[in-house]
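A.B. asks: Take this structure, written in structure tokens, and hold onto it; I'll ask about it next.
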Amino acid sequence: MEIILGSQSPRRRELLAGLGMPFAAVSIDADESYPGELQAGEIPAFISRTKAQAYAEQLRPDQLLITADTIVWSDGHMLGKPHSEQEAFDMIRSLSGKTHQVYTAVTFARKAPNYQLETIVDCTDVTFAELTDEEIRHYITCYRPMDKAGAYGVQEWIGYIACTAIHGSYFNVMGFPTHLVYAHLKKYIQLNG
């Protein structure tokens, strides 16, 4: 069974590689909009499934596709990837001194025996210390977090100085809950290997 990771994220590729299972990576162009009534973990679950469905026609029976999506959820609002430096600043400022949630959804898609989708969602609570405007600007200028949900990467400088507590999976905050992915792949390999 060939594992296909449908992601452009170098972090997801690195984390899946860390599980020690060979895989191929592909880029999937999918509409990442979602229905407005969705909340919290429902949002990345919907987007992750949309990505999988966008690649479904190309799947072979001997392949297992993995897609994922991550959001930051704070004060009842979704924080995706920022579109400008000002938006990135506003996002990080809104997280300063608070606890927020990071939701990552991972979808597994198979073509055989019938087209099947299974989606899992993980949630991690992350607490940030109070940040000064200068610290936020330094981070944005030096690390350019425009490709990251919530405008930050926990594995970068801001995680070193601001992250005071994590309840849940650290790797989920990076965008890929490796423990859940491994458990699913292990179960799948046992059932089909």
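Chains: A, B, ... in order of the structure tokens. Residues: from 1 per chain. Ligands: from 1, in order shown.
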Neighbours of region 135-145 of chain A within 9 Å (only C-alpha atoms; same-chain residues fewer than 6 positions away dropped), as an NGL selection string?

C.D. replies: :A and (81-82 or 85 or 88-89 or 92-93 or 151-153 or 156-158)

A.B. asks: Restrict the selected residues to N, CA, C and O atoms and save them as a short mmCIF file (atom, residue, chain, number, x, y, z; two decimals), in the first residue's frame.

C.D. replies:
```cif
data_model
loop_
_atom_site.label_atom_id
_atom_site.label_comp_id
_atom_site.auth_asym_id
_atom_site.auth_seq_id
_atom_site.Cartn_x
_atom_site.Cartn_y
_atom_site.Cartn_z
N LYS A 81 -4.65 31.37 7.81
CA LYS A 81 -3.38 31.97 7.39
C LYS A 81 -3.61 33.47 7.13
O LYS A 81 -4.58 33.84 6.48
N PRO A 82 -2.72 34.31 7.63
CA PRO A 82 -2.90 35.75 7.42
C PRO A 82 -2.65 36.14 5.96
O PRO A 82 -1.86 35.51 5.27
N GLU A 85 0.82 41.44 6.60
CA GLU A 85 1.58 41.56 7.84
C GLU A 85 0.71 42.16 8.95
O GLU A 85 0.83 41.77 10.12
N ALA A 88 -1.42 39.45 10.30
CA ALA A 88 -0.59 38.58 11.13
C ALA A 88 -0.37 39.22 12.50
O ALA A 88 -0.48 38.56 13.54
N PHE A 89 -0.06 40.51 12.50
CA PHE A 89 0.14 41.23 13.77
C PHE A 89 -1.13 41.17 14.62
O PHE A 89 -1.07 40.87 15.82
N ILE A 92 -1.65 37.62 16.17
CA ILE A 92 -0.78 37.31 17.30
C ILE A 92 -1.12 38.18 18.50
O ILE A 92 -1.12 37.71 19.64
N ARG A 93 -1.43 39.44 18.27
CA ARG A 93 -1.84 40.33 19.36
C ARG A 93 -3.07 39.77 20.07
O ARG A 93 -3.16 39.79 21.30
N ALA A 151 -0.96 32.71 12.29
CA ALA A 151 0.23 33.53 12.03
C ALA A 151 1.42 33.18 12.92
O ALA A 151 2.25 34.03 13.21
N TYR A 152 1.50 31.92 13.36
CA TYR A 152 2.69 31.54 14.13
C TYR A 152 3.01 30.07 13.95
O TYR A 152 2.14 29.25 13.68
N GLY A 153 4.30 29.76 14.13
CA GLY A 153 4.77 28.39 14.18
C GLY A 153 5.35 28.13 15.56
O GLY A 153 6.30 28.79 15.97
N GLU A 156 9.06 27.79 16.15
CA GLU A 156 9.92 28.93 15.85
C GLU A 156 10.13 29.80 17.10
O GLU A 156 9.64 29.49 18.18
N TRP A 157 10.82 30.92 16.92
CA TRP A 157 11.20 31.82 18.01
C TRP A 157 10.02 32.18 18.91
O TRP A 157 10.15 32.19 20.13
N ILE A 158 8.88 32.45 18.31
CA ILE A 158 7.74 32.87 19.13
C ILE A 158 7.30 31.76 20.09
O ILE A 158 6.88 32.02 21.20
#
```

A.B. asks: Using backbone DSSP assignments, extract all strand (DSSP E or B) residues from region 1-188 of chain A; output them as a ChimeraX atom specification.

C.D. replies: /A:2-6,24-26,63-74,77-79,99-110,116-128,163-167

A.B. asks: Give the alpha helix (DSSP H) residues of region 38-193 of chain A, as DSSP finds them on the backbone, and put them as a ChimeraX atom specification.

C.D. replies: /A:42-55,85-95,133-143,157-162,170-174,178-192

A.B. asks: With the cut-off set at 9 Å and counting only C-alpha atoms, tabulate each residue of region 33-84 of chain A with an atom at most that distance from an atom of region 161-179 of chain A, showing the nearest atom pair and its distance in Å to one decimal, ordered by chain and increasing number, as a Markdown table.

C.D. replies:
```
| residue | atom | partner | partner_atom | distance |
| --- | --- | --- | --- | --- |
| A:Ala68 | CA | A:Phe176 | CA | 7.3 |
| A:Asp69 | CA | A:Gly175 | CA | 7.2 |
| A:Thr70 | CA | A:Gly175 | CA | 5.6 |
| A:Ile71 | CA | A:Gly175 | CA | 8.6 |
| A:Val72 | CA | A:Val173 | CA | 8.8 |
```

A.B. asks: Tell me which protein, DNA and RNA residues are within 12 Å of Leu180 (chain A), counting only C-alpha atoms, leaving out same-chain ones fewer than 4 positions away, and put them as a list of chain:residue names.

C.D. replies: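 My reading of the contact set: A:Leu16, A:Leu19, A:Thr104, A:Ala105, A:Val106, A:Thr107, A:Phe108, A:Thr119, A:Ile120, A:Val121, A:Asp122, A:Cys123, A:Gly168, A:Ser169, A:Phe171, A:Asn172, A:Phe176, A:His184, A:Leu185, A:Lys186, A:Lys187.
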
A.B. asks: Write out as a PyMOL selection string the residues lying within 7 Å of region 96-99 of chain A, counting only C-alpha atoms and excluding same-chain residues fewer than 4 positions away.

C.D. replies: chain A and resi 92+125-131

A.B. asks: Give me the residues of region 35-111 of chain A that have any atom at most 9 Å from an atom of region 20-29 of chain A; for each, the nearest atom pair and the distance in Å, rounded to one decimal. Use only C-alpha atoms, sort by chain and number, and format it as a tab-separated table.

C.D. replies:
```
residue	atom	partner	partner_atom	distance
A:Lys51	CA	A:Ile28	CA	6.6
A:Ala52	CA	A:Ile28	CA	8.3
A:Ala54	CA	A:Ile28	CA	7.1
A:Tyr55	CA	A:Ile28	CA	6.7
A:Thr67	CA	A:Ile28	CA	9.0
```

A.B. asks: Using only C-alpha atoms, which residues sit within 8 Å of Thr50 (chain A) once same-chain residues fewer than 2 positions away are excluded, as a PyMOL selection string?

C.D. replies: chain A and resi 30-32+46-48+52-54

A.B. asks: Please compute the CA of Arg60 (chain A)-CA of Tyr103 (chain A) distance, one decimal, in Å.

C.D. replies: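 Answer for the CA of Arg60 (chain A) to CA of Tyr103 (chain A) separation: 29.3 Å.
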
A.B. asks: Provide the CA of Gly80 (chain A) to CA of Arg13 (chain A) distance in Å, to one decimal place.

C.D. replies: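 Spanning CA of Gly80 (chain A) to CA of Arg13 (chain A) is a straight-line distance of 19.8 Å.
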
A.B. asks: Quick check, in Å to one decimal: how far apart do CA of Ala112 (chain A) and CA of Pro10 (chain A) lie?

C.D. replies: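 Taking CA of Ala112 (chain A) as the start and CA of Pro10 (chain A) as the end point, the length is 28.5 Å.
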
A.B. asks: Taking only C-alpha atoms into account, which of A:Glu2, A:Ala17, A:Leu64, A:Glu42 comes nearest Leu117 (chain A)?

C.D. replies: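 Ranked by minimum distance to Leu117 (chain A), first place goes to A:Leu64.
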